[in-house]
$ cat final.cif   # mmCIF, C-alpha atoms and all ligand atoms
data_work
#
loop_
_atom_site.label_atom_id
_atom_site.label_comp_id
_atom_site.auth_asym_id
_atom_site.auth_seq_id
_atom_site.Cartn_x
_atom_site.Cartn_y
_atom_site.Cartn_z
CA MET A 29 -68.22 -46.19 -0.15
CA ASN A 30 -71.05 -46.93 -2.54
CA HIS A 31 -73.67 -48.17 -0.11
CA PHE A 32 -76.14 -45.27 -0.33
CA LYS A 33 -77.16 -43.88 -3.69
CA TRP A 34 -80.08 -41.71 -4.75
CA ASP A 35 -81.02 -42.33 -8.37
CA SER A 36 -83.86 -39.81 -9.12
CA ASN A 37 -86.71 -42.28 -8.47
CA GLN A 38 -85.13 -44.94 -6.32
CA LEU A 39 -82.84 -45.21 -3.32
CA VAL A 40 -80.22 -47.91 -3.87
CA LEU A 41 -78.87 -49.40 -0.66
CA LEU A 42 -76.20 -51.98 -0.02
CA ASP A 43 -78.03 -54.73 1.86
CA GLN A 44 -76.12 -54.74 5.15
CA ARG A 45 -77.80 -57.99 6.25
CA LYS A 46 -75.70 -59.83 3.67
CA LEU A 47 -72.30 -58.40 4.61
CA PRO A 48 -69.49 -59.34 4.76
CA HIS A 49 -70.01 -62.27 2.38
CA GLU A 50 -72.21 -60.76 -0.33
CA GLU A 51 -72.47 -57.26 -1.76
CA ILE A 52 -76.09 -57.15 -2.88
CA TYR A 53 -78.12 -53.99 -3.47
CA PHE A 54 -81.72 -53.32 -2.50
CA ASN A 55 -83.73 -50.83 -4.55
CA CYS A 56 -86.30 -48.77 -2.67
CA LYS A 57 -88.92 -47.52 -5.10
CA THR A 58 -91.60 -46.52 -2.58
CA HIS A 59 -91.64 -44.97 0.88
CA THR A 60 -92.77 -48.32 2.33
CA ASP A 61 -89.71 -49.97 0.72
CA VAL A 62 -87.59 -47.44 2.64
CA ALA A 63 -89.47 -48.08 5.91
CA ASP A 64 -88.98 -51.84 5.38
CA ALA A 65 -85.29 -51.37 4.58
CA ILE A 66 -84.91 -49.50 7.87
CA SER A 67 -86.92 -51.85 10.08
CA LYS A 68 -85.32 -54.95 8.56
CA MET A 69 -81.78 -53.53 8.99
CA ILE A 70 -80.94 -53.45 5.26
CA ILE A 71 -79.73 -50.01 6.29
CA ARG A 72 -78.97 -49.16 9.91
CA GLY A 73 -77.04 -46.63 11.99
CA ALA A 74 -78.62 -43.39 13.18
CA PRO A 75 -77.45 -40.89 10.51
CA ALA A 76 -77.93 -43.40 7.67
CA ILE A 77 -81.53 -44.19 8.57
CA GLY A 78 -82.22 -40.44 8.89
CA ALA A 79 -80.92 -39.76 5.38
CA ALA A 80 -82.75 -42.82 4.00
CA ALA A 81 -86.01 -41.65 5.56
CA ALA A 82 -85.52 -38.24 3.93
CA PHE A 83 -85.50 -39.94 0.52
CA GLY A 84 -88.46 -42.02 1.73
CA VAL A 85 -90.47 -38.78 1.93
CA VAL A 86 -89.44 -37.94 -1.64
CA LEU A 87 -90.53 -41.38 -2.87
CA GLY A 88 -93.84 -41.07 -1.00
CA LEU A 89 -94.53 -37.75 -2.74
CA GLN A 90 -93.53 -39.21 -6.11
CA GLU A 91 -96.06 -42.01 -5.53
CA LEU A 92 -98.69 -39.41 -4.74
CA ALA A 93 -97.87 -37.38 -7.85
CA LYS A 94 -98.21 -40.52 -10.01
CA LYS A 95 -101.54 -41.33 -8.36
CA SER A 96 -102.74 -37.80 -9.02
CA ASN A 97 -101.65 -37.90 -12.69
CA ASN A 98 -103.52 -41.17 -13.22
CA ALA A 99 -106.70 -39.99 -11.51
CA THR A 100 -109.54 -38.29 -13.41
CA ASP A 101 -109.53 -35.45 -10.87
CA PRO A 102 -106.20 -34.29 -9.42
CA ILE A 103 -105.74 -35.07 -5.73
CA LYS A 104 -107.11 -32.32 -3.44
CA LYS A 105 -105.03 -30.35 -0.93
CA ASP A 106 -106.62 -32.06 2.09
CA GLN A 107 -105.91 -35.48 0.68
CA ILE A 108 -102.28 -34.50 0.02
CA LYS A 109 -101.97 -33.38 3.64
CA ASN A 110 -103.48 -36.64 4.95
CA GLU A 111 -101.32 -38.80 2.71
CA MET A 112 -98.21 -36.88 3.74
CA LYS A 113 -99.08 -37.49 7.40
CA GLN A 114 -99.32 -41.20 6.66
CA ILE A 115 -95.93 -41.21 4.86
CA GLU A 116 -94.39 -39.35 7.79
CA LYS A 117 -95.87 -41.81 10.31
CA THR A 118 -94.76 -44.93 8.39
CA LEU A 119 -91.19 -43.67 8.11
CA LYS A 120 -90.91 -42.37 11.67
CA GLU A 121 -92.24 -45.62 13.12
CA SER A 122 -89.77 -47.80 11.22
CA ARG A 123 -87.33 -47.65 14.18
CA PRO A 124 -87.86 -45.87 17.48
CA THR A 125 -84.54 -45.08 19.15
CA ALA A 126 -82.39 -43.08 16.72
CA VAL A 127 -83.70 -39.53 16.80
CA ASN A 128 -81.96 -38.71 13.49
CA LEU A 129 -84.83 -40.49 11.76
CA GLN A 130 -87.43 -38.09 13.16
CA TRP A 131 -85.09 -35.16 12.73
CA ALA A 132 -84.62 -35.78 8.99
CA VAL A 133 -88.32 -36.40 8.28
CA ASP A 134 -89.32 -33.31 10.30
CA ARG A 135 -86.75 -31.19 8.47
CA ILE A 136 -88.30 -32.02 5.09
CA ILE A 137 -91.92 -31.81 6.25
CA ASN A 138 -91.26 -28.41 7.90
CA LYS A 139 -89.70 -27.12 4.72
CA LEU A 140 -92.66 -28.30 2.65
CA SER A 141 -95.19 -26.90 5.09
CA LYS A 142 -93.73 -23.42 4.50
CA LEU A 143 -94.48 -23.77 0.77
CA GLU A 144 -98.25 -23.31 1.17
CA LEU A 145 -99.00 -26.61 -0.63
CA MET A 146 -98.31 -25.81 -4.23
CA SER A 147 -98.44 -28.47 -6.94
CA LEU A 148 -97.32 -31.98 -6.13
CA GLU A 149 -94.53 -31.63 -8.70
CA ILE A 150 -93.10 -28.70 -6.76
CA LEU A 151 -93.42 -30.56 -3.47
CA VAL A 152 -91.51 -33.49 -4.96
CA GLU A 153 -88.83 -31.16 -6.33
CA GLU A 154 -88.39 -29.30 -3.04
CA ALA A 155 -88.38 -32.50 -0.97
CA GLU A 156 -85.73 -33.99 -3.24
CA LYS A 157 -83.54 -30.86 -2.93
CA GLU A 158 -83.75 -31.07 0.86
CA ALA A 159 -83.04 -34.82 0.99
CA VAL A 160 -80.00 -34.38 -1.27
CA GLU A 161 -78.84 -31.58 1.04
CA ILE A 162 -79.29 -33.76 4.16
CA ALA A 163 -77.17 -36.50 2.55
CA LYS A 164 -74.50 -34.02 1.46
CA GLU A 165 -74.38 -32.38 4.89
CA ASP A 166 -74.03 -35.77 6.58
CA LYS A 167 -70.74 -36.43 4.79
CA GLN A 168 -69.42 -32.96 5.67
CA THR A 169 -70.59 -33.34 9.26
CA ASN A 170 -68.75 -36.65 9.67
CA LYS A 171 -65.56 -35.19 8.24
CA ALA A 172 -65.81 -32.36 10.77
CA ILE A 173 -66.46 -34.84 13.60
CA GLY A 174 -63.37 -36.74 12.47
CA LYS A 175 -61.24 -33.61 12.45
CA ASN A 176 -62.48 -32.48 15.86
CA GLY A 177 -61.96 -35.89 17.42
CA GLN A 178 -58.69 -37.08 15.96
CA SER A 179 -56.52 -35.06 18.37
CA LEU A 180 -58.01 -37.09 21.24
CA ILE A 181 -56.31 -40.20 19.89
CA ASP A 182 -52.61 -40.79 20.51
CA ASP A 183 -50.20 -42.01 17.89
CA ASN A 184 -49.32 -45.72 18.27
CA SER A 185 -52.42 -46.44 20.31
CA THR A 186 -55.24 -48.96 20.30
CA VAL A 187 -58.83 -47.82 20.01
CA LEU A 188 -61.80 -49.97 20.85
CA THR A 189 -65.10 -49.39 19.06
CA HIS A 190 -68.48 -51.10 19.42
CA CYS A 191 -71.19 -51.85 16.87
CA ASN A 192 -70.70 -50.04 13.56
CA ALA A 193 -70.54 -46.26 13.60
CA GLY A 194 -68.76 -46.16 10.27
CA ALA A 195 -69.44 -45.15 6.69
CA LEU A 196 -72.10 -47.86 6.55
CA ALA A 197 -73.98 -46.26 9.46
CA THR A 198 -73.92 -42.84 7.80
CA VAL A 199 -74.02 -41.52 4.24
CA ASP A 200 -70.23 -41.68 4.25
CA TYR A 201 -67.10 -41.59 6.44
CA GLY A 202 -68.77 -42.46 9.75
CA THR A 203 -68.81 -40.88 13.20
CA ALA A 204 -66.72 -43.04 15.58
CA LEU A 205 -64.94 -44.59 12.58
CA GLY A 206 -64.73 -41.09 11.09
CA VAL A 207 -62.56 -40.07 14.07
CA ILE A 208 -60.43 -43.18 13.54
CA ARG A 209 -60.19 -42.51 9.76
CA SER A 210 -59.21 -38.91 10.37
CA ALA A 211 -56.48 -39.90 12.87
CA VAL A 212 -55.11 -42.39 10.34
CA GLU A 213 -55.22 -39.70 7.63
CA GLU A 214 -53.15 -37.51 9.97
CA GLY A 215 -50.50 -40.24 9.86
CA LYS A 216 -51.21 -41.82 13.24
CA ASN A 217 -50.41 -45.46 13.61
CA LEU A 218 -53.53 -47.04 15.12
CA SER A 219 -54.76 -50.50 15.92
CA ILE A 220 -58.47 -51.05 16.29
CA ILE A 221 -60.28 -53.55 18.45
CA ALA A 222 -63.81 -54.19 17.21
CA THR A 223 -66.29 -55.91 19.50
CA GLU A 224 -68.45 -58.43 17.65
CA THR A 225 -71.62 -56.74 19.04
CA ARG A 226 -74.08 -59.49 19.87
CA PRO A 227 -76.75 -60.19 18.91
CA TYR A 228 -76.74 -58.64 15.43
CA LEU A 229 -72.94 -58.72 15.00
CA GLN A 230 -72.50 -55.27 13.48
CA GLY A 231 -68.91 -55.24 14.78
CA ALA A 232 -67.93 -58.60 13.31
CA ARG A 233 -69.85 -58.25 10.06
CA LEU A 234 -69.65 -54.54 9.30
CA THR A 235 -66.92 -52.73 11.26
CA ALA A 236 -64.31 -55.41 10.61
CA TRP A 237 -65.28 -55.45 6.91
CA GLU A 238 -65.18 -51.66 6.61
CA LEU A 239 -61.84 -51.19 8.38
CA LEU A 240 -60.09 -54.05 6.62
CA LYS A 241 -61.21 -52.64 3.26
CA GLU A 242 -59.13 -49.58 4.17
CA LYS A 243 -56.30 -51.66 5.54
CA ILE A 244 -56.67 -50.26 9.06
CA PRO A 245 -55.29 -52.99 11.37
CA THR A 246 -58.29 -54.49 13.16
CA THR A 247 -58.69 -57.24 15.73
CA LEU A 248 -62.08 -58.75 16.42
CA ILE A 249 -63.05 -59.79 19.94
CA THR A 250 -66.30 -61.05 21.44
CA ASP A 251 -68.12 -58.61 23.70
CA ASN A 252 -67.26 -60.53 26.86
CA MET A 253 -63.50 -60.17 26.25
CA VAL A 254 -63.45 -56.41 26.82
CA GLY A 255 -62.74 -56.53 30.58
CA TYR A 256 -59.86 -58.92 30.06
CA CYS A 257 -58.35 -56.74 27.30
CA MET A 258 -58.68 -53.60 29.43
CA LYS A 259 -57.08 -55.29 32.41
CA LYS A 260 -54.20 -56.33 30.14
CA ASN A 261 -53.68 -52.66 29.09
CA MET A 262 -54.54 -53.52 25.51
CA ILE A 263 -56.95 -50.59 25.04
CA ASP A 264 -56.02 -46.89 25.17
CA THR A 265 -59.27 -45.23 24.11
CA VAL A 266 -62.89 -46.20 23.49
CA ILE A 267 -64.96 -44.41 20.84
CA VAL A 268 -68.57 -45.25 20.04
CA GLY A 269 -71.45 -43.63 18.16
CA ALA A 270 -74.88 -42.67 19.50
CA ASP A 271 -78.53 -43.01 18.55
CA ARG A 272 -79.92 -40.33 20.84
CA ILE A 273 -78.41 -38.04 23.46
CA ALA A 274 -80.59 -36.43 26.14
CA LYS A 275 -80.03 -32.86 27.31
CA ASN A 276 -78.07 -34.03 30.38
CA GLY A 277 -75.61 -35.97 28.18
CA ASP A 278 -76.94 -39.50 28.79
CA VAL A 279 -76.29 -41.49 25.63
CA ALA A 280 -78.38 -44.21 23.96
CA ASN A 281 -76.25 -46.47 21.81
CA LYS A 282 -76.00 -50.12 20.81
CA ILE A 283 -76.67 -52.62 23.58
CA GLY A 284 -73.43 -53.29 25.43
CA THR A 285 -72.20 -49.69 25.31
CA TYR A 286 -73.12 -49.15 28.97
CA THR A 287 -71.07 -52.20 30.00
CA LEU A 288 -68.12 -50.89 27.97
CA ALA A 289 -68.40 -47.47 29.58
CA LEU A 290 -68.46 -48.98 33.08
CA LEU A 291 -65.40 -51.07 32.31
CA ALA A 292 -63.59 -48.11 30.77
CA HIS A 293 -64.42 -46.05 33.89
CA HIS A 294 -63.07 -48.76 36.18
CA HIS A 295 -59.82 -48.94 34.18
CA ASN A 296 -59.56 -45.16 33.75
CA ILE A 297 -59.64 -45.44 29.94
CA PRO A 298 -60.97 -42.40 28.01
CA PHE A 299 -64.49 -43.07 26.72
CA TYR A 300 -65.74 -40.83 23.89
CA VAL A 301 -68.98 -40.61 21.96
CA ALA A 302 -68.89 -39.28 18.37
CA ALA A 303 -72.22 -37.99 17.08
CA PRO A 304 -73.70 -35.21 14.96
CA ILE A 305 -75.81 -32.51 16.56
CA SER A 306 -78.89 -34.11 14.95
CA THR A 307 -78.46 -36.98 17.46
CA PHE A 308 -79.22 -34.68 20.43
CA ASP A 309 -82.79 -34.72 21.68
CA LEU A 310 -82.97 -31.61 23.83
CA THR A 311 -86.64 -32.29 24.62
CA LEU A 312 -85.57 -35.14 26.92
CA ASN A 313 -84.24 -34.47 30.42
CA ASN A 314 -82.27 -37.69 30.73
CA GLY A 315 -81.64 -41.11 29.24
CA SER A 316 -84.54 -42.81 31.02
CA GLU A 317 -86.88 -40.92 28.67
CA ILE A 318 -85.28 -42.38 25.51
CA PRO A 319 -87.42 -45.10 23.89
CA ILE A 320 -85.48 -48.35 23.63
CA GLU A 321 -86.29 -50.66 20.76
CA THR A 322 -86.71 -54.36 21.51
CA ARG A 323 -86.14 -56.58 18.49
CA ASP A 324 -87.06 -60.03 17.33
CA ASP A 325 -86.18 -63.07 19.48
CA ASP A 326 -84.53 -64.69 16.46
CA GLU A 327 -81.63 -62.26 16.66
CA VAL A 328 -80.71 -63.89 19.98
CA THR A 329 -81.74 -67.50 19.40
CA LYS A 330 -80.23 -67.83 15.92
CA ILE A 331 -77.01 -67.00 14.12
CA ASN A 332 -77.35 -66.94 10.33
CA ASP A 333 -80.65 -68.80 10.59
CA LEU A 334 -79.00 -71.54 12.61
CA SER A 335 -80.78 -72.09 15.91
CA ILE A 336 -78.46 -71.94 18.94
CA ALA A 337 -81.06 -72.17 21.74
CA PRO A 338 -84.03 -74.31 22.76
CA GLU A 339 -87.05 -73.26 20.71
CA ASN A 340 -89.28 -72.39 23.67
CA VAL A 341 -86.78 -70.29 25.65
CA GLU A 342 -87.90 -66.82 26.79
CA VAL A 343 -85.83 -64.07 25.16
CA PHE A 344 -85.18 -60.42 25.99
CA ASN A 345 -83.60 -58.44 23.18
CA PRO A 346 -83.22 -54.70 23.87
CA SER A 347 -81.31 -53.18 20.96
CA PHE A 348 -79.85 -50.20 22.82
CA ASP A 349 -78.85 -49.16 26.33
CA ILE A 350 -78.22 -45.90 28.13
CA THR A 351 -74.77 -44.78 29.22
CA PRO A 352 -74.98 -42.22 32.04
CA ASN A 353 -73.21 -38.93 31.28
CA LYS A 354 -70.73 -39.42 34.15
CA PHE A 355 -68.92 -42.15 32.21
CA VAL A 356 -68.53 -40.07 29.03
CA TRP A 357 -65.30 -38.07 28.79
CA GLY A 358 -66.52 -36.10 25.82
CA ILE A 359 -69.03 -35.95 22.98
CA ILE A 360 -67.34 -35.22 19.67
CA THR A 361 -69.61 -33.23 17.35
CA GLU A 362 -69.13 -31.33 14.09
CA LYS A 363 -69.07 -28.09 16.09
CA GLY A 364 -66.48 -29.21 18.63
CA VAL A 365 -66.03 -31.51 21.60
CA ILE A 366 -68.30 -31.21 24.64
CA LYS A 367 -66.01 -32.25 27.48
CA LYS A 368 -67.70 -33.71 30.59
CA PRO A 369 -71.14 -33.59 28.94
CA ASP A 370 -73.60 -32.78 31.70
CA LYS A 371 -76.71 -30.57 31.61
CA GLU A 372 -74.72 -27.42 32.25
CA ASN A 373 -71.99 -28.04 29.67
CA ILE A 374 -74.51 -29.09 27.04
CA GLU A 375 -76.61 -25.99 27.68
CA LYS A 376 -73.48 -23.83 27.29
CA PHE A 377 -72.54 -25.62 24.06
CA PHE A 378 -75.96 -25.02 22.47
CA LYS A 379 -76.20 -21.35 23.54
O1 LIG B 1 -79.10 -51.21 15.48
P1 LIG B 1 -78.12 -50.36 14.70
O2 LIG B 1 -77.12 -51.17 13.94
O3 LIG B 1 -78.83 -49.35 13.85
O4 LIG B 1 -77.34 -49.56 15.81
C1 LIG B 1 -76.38 -48.64 15.42
C2 LIG B 1 -75.67 -48.00 16.55
O5 LIG B 1 -75.96 -48.23 17.70
C3 LIG B 1 -74.63 -46.98 16.19
O6 LIG B 1 -73.62 -46.96 17.15
C4 LIG B 1 -75.30 -45.59 16.14
O7 LIG B 1 -76.43 -45.62 15.34
C5 LIG B 1 -74.36 -44.55 15.64
S1 LIG B 1 -74.02 -44.76 13.94
C6 LIG B 1 -73.02 -43.52 13.39
#

$ encode --input "final.cif" --output "structure tokens"
Amino acid sequence: MNHFKWDSNQLVLLDQRKLPHEEIYFNCKTHTDVADAISKMIIRGAPAIGAAAAFGVVLGLQELAKKSNNATDPIKKDQIKNEMKQIEKTLKESRPTAVNLQWAVDRIINKLSKLELMSLEILVEEAEKEAVEIAKEDKQTNKAIGKNGQSLIDDNSTVLTHCNAGALATVDYGTALGVIRSAVEEGKNLSIIATETRPYLQGARLTAWELLKEKIPTTLITDNMVGYCMKKNMIDTVIVGADRIAKNGDVANKIGTYTLALLAHHHNIPFYVAAPISTFDLTLNNGSEIPIETRDDDEVTKINDLSIAPENVEVFNPSFDITPNKFVWGIITEKGVIKKPDKENIEKFFK
């Protein structure tokens, strides 16, 4: 998929707000363009916003290098450090829940900090190398997640997925949709049920679009139809992505995931989470410590700019929820599947 492209001094992103009807690209030429693209959902999905933020650091340093070249005196080391801190802060604050964003920015900043602040040109060069590597690794990681997860899906079965954890949510291939893609590549005959994912409709707009492009049979349902479909034995497996996983295995993912997990538990349907290791936040004891983003009221009161509610109604719009570890049958990572992900099993996995 051509939705994420680095072009030496700009990051070209498919504007996901316009899908599925228009394929329009947004060019990020500065680090604030990248932060805006992330906060406004031009790009979304944990691994994708991490990789975008990595290129945001590169663009920020390029801006600094230009400023220094145009100045009578080159920018001093202290000023470079301060400006880098500001770039880091702007990017990290663009969205709070997905830890991949902080992970990617920290990875570049840590690499640069080991370089003893050489010339800005070298900092730009090294940051770009690392960002390109992060993007390349993301594709490989998702392929490995797909391979590790595909055996958990039976031939001739129906898989339900929520939100969009596909190629669009990553640099390529996807996590939850990566597992589905890999199973299809193995020759399995699958049907997918995509939940529309209110309020932002990532399932209806993005997952349905992505899967149909590849001719993977997909049926769209509204979020409140899941219980009915499970009761009717229409769903064999649930696979979702994740934005942050605490060290006890509690999972933050798109709002509605917790409800799905509860329903899957009640109906004894396997519930899997597919996520790269960069989505684990081992500094957090459990899900209650994960920051949950609340987004604009308009996402709830409007659909495509059309108002669907009284103007003065109070709105609550948390973008993510926490699924307790006890409902998760396994977390599929690039290094293998963590079955029954609790504190002990996660500790063992990371040893
Ligand atoms: O608000 P979004 O669209 O960024 O939320 C995305 C999700 O919740 C995904 O499931 C998650 O980031 C995993 S993407 C591989």

$ residues_near_ligand --input "final.cif" --ligand "ligand LIG 1 (chain B)" --cutoff "9 Å" --atoms "all atoms listed in the file" --output "PyMOL selection string"
chain A and resi 66+69+71-77+123+125-126+170+190-198+202-206+228-230+268-272+280-283+285+302-304+307+321+347-348

$ closest_residue --input "final.cif" --among "A:Ser141, A:Gln38, A:Gln114, A:Thr100" --to "Glu156 of chain A" --atoms "all atoms listed in the file"
A:Gln38

$ residues_near_point --input "final.cif" --point "(-76.9, -56.8, -1.1)" --cutoff "9 Å" --atoms "all atoms listed in the file" --output "list in words"
Leu41, Leu42, Asp43, Gln44, Arg45, Lys46, Leu47, Glu50, Glu51, Ile52, Tyr53, Phe54 and Ile70 of chain A

$ residues_around --input "final.cif" --residues "Arg209 of chain A" --least-positions-apart "4" --cutoff "12 Å" --atoms "all atoms listed in the file" --output "PyMOL selection string"
chain A and resi 170-179+181+187+193-195+200-205+213-220+238-240+242-245

$ closest_residue --input "final.cif" --among "A:Ile263, A:Leu312, A:Val328, A:Leu140" --to "Val341 of chain A" --atoms "all atoms listed in the file"
A:Val328

$ residues_around --input "final.cif" --residues "Gln130 of chain A" --least-positions-apart "4" --cutoff "8 Å" --atoms "all atoms listed in the file" --output "PyMOL selection string"
chain A and resi 78+120+126+134

$ atom_distance --input "final.cif" --atom1 "atom CA of Gly231 of chain A" --atom2 "atom CA of Asn252 of chain A"
13.3 Å

$ atom_distance --input "final.cif" --atom1 "atom CA of Pro124 of chain A" --atom2 "atom CA of Leu248 of chain A"
28.8 Å

$ atom_distance --input "final.cif" --atom1 "atom CA of Trp357 of chain A" --atom2 "atom CA of His294 of chain A"
13.2 Å

$ closest_residue --input "final.cif" --among "A:Lys57, A:Pro227, A:Lys363, A:Thr351" --to "Asp326 of chain A" --atoms "all atoms listed in the file"
A:Pro227

$ closest_residue --input "final.cif" --among "A:Ile267, A:Leu180, A:Cys257, A:Ala82" --to "Gly364 of chain A" --atoms "all atoms listed in the file"
A:Leu180

$ closest_residue --input "final.cif" --among "A:Asp278, A:Asp64, A:Asp264, A:Glu144" --to "Asp349 of chain A" --atoms "all atoms listed in the file"
A:Asp278

$ residues_near_point --input "final.cif" --point "(-84.4, -55.8, 23.0)" --cutoff "6 Å" --atoms "only C-alpha atoms" --output "number ranges by chain"
A: 321-323, 344-347

$ residues_around --input "final.cif" --residues "segment 365-379 of chain A" --least-positions-apart "3" --cutoff "9 Å" --atoms "all atoms listed in the file" --output "mmCIF file with C-alpha atoms, keeping the file's coordinate frame"
data_model
loop_
_atom_site.group_PDB
_atom_site.id
_atom_site.type_symbol
_atom_site.label_atom_id
_atom_site.label_comp_id
_atom_site.auth_asym_id
_atom_site.auth_seq_id
_atom_site.Cartn_x
_atom_site.Cartn_y
_atom_site.Cartn_z
ATOM 1 C CA ILE A 173 -66.460 -34.840 13.600
ATOM 2 C CA ASN A 176 -62.480 -32.480 15.860
ATOM 3 C CA GLY A 177 -61.960 -35.890 17.420
ATOM 4 C CA ALA A 274 -80.590 -36.430 26.140
ATOM 5 C CA LYS A 275 -80.030 -32.860 27.310
ATOM 6 C CA ASN A 276 -78.070 -34.030 30.380
ATOM 7 C CA GLY A 277 -75.610 -35.970 28.180
ATOM 8 C CA ASP A 278 -76.940 -39.500 28.790
ATOM 9 C CA ALA A 302 -68.890 -39.280 18.370
ATOM 10 C CA ASN A 313 -84.240 -34.470 30.420
ATOM 11 C CA ASN A 353 -73.210 -38.930 31.280
ATOM 12 C CA LYS A 354 -70.730 -39.420 34.150
ATOM 13 C CA PHE A 355 -68.920 -42.150 32.210
ATOM 14 C CA VAL A 356 -68.530 -40.070 29.030
ATOM 15 C CA TRP A 357 -65.300 -38.070 28.790
ATOM 16 C CA GLY A 358 -66.520 -36.100 25.820
ATOM 17 C CA ILE A 359 -69.030 -35.950 22.980
ATOM 18 C CA ILE A 360 -67.340 -35.220 19.670
ATOM 19 C CA THR A 361 -69.610 -33.230 17.350
ATOM 20 C CA GLU A 362 -69.130 -31.330 14.090
#

$ closest_residue --input "final.cif" --among "A:Ala65, A:Ile150, A:Val199, A:Val301" --to "Gln168 of chain A" --atoms "only C-alpha atoms"
A:Val199
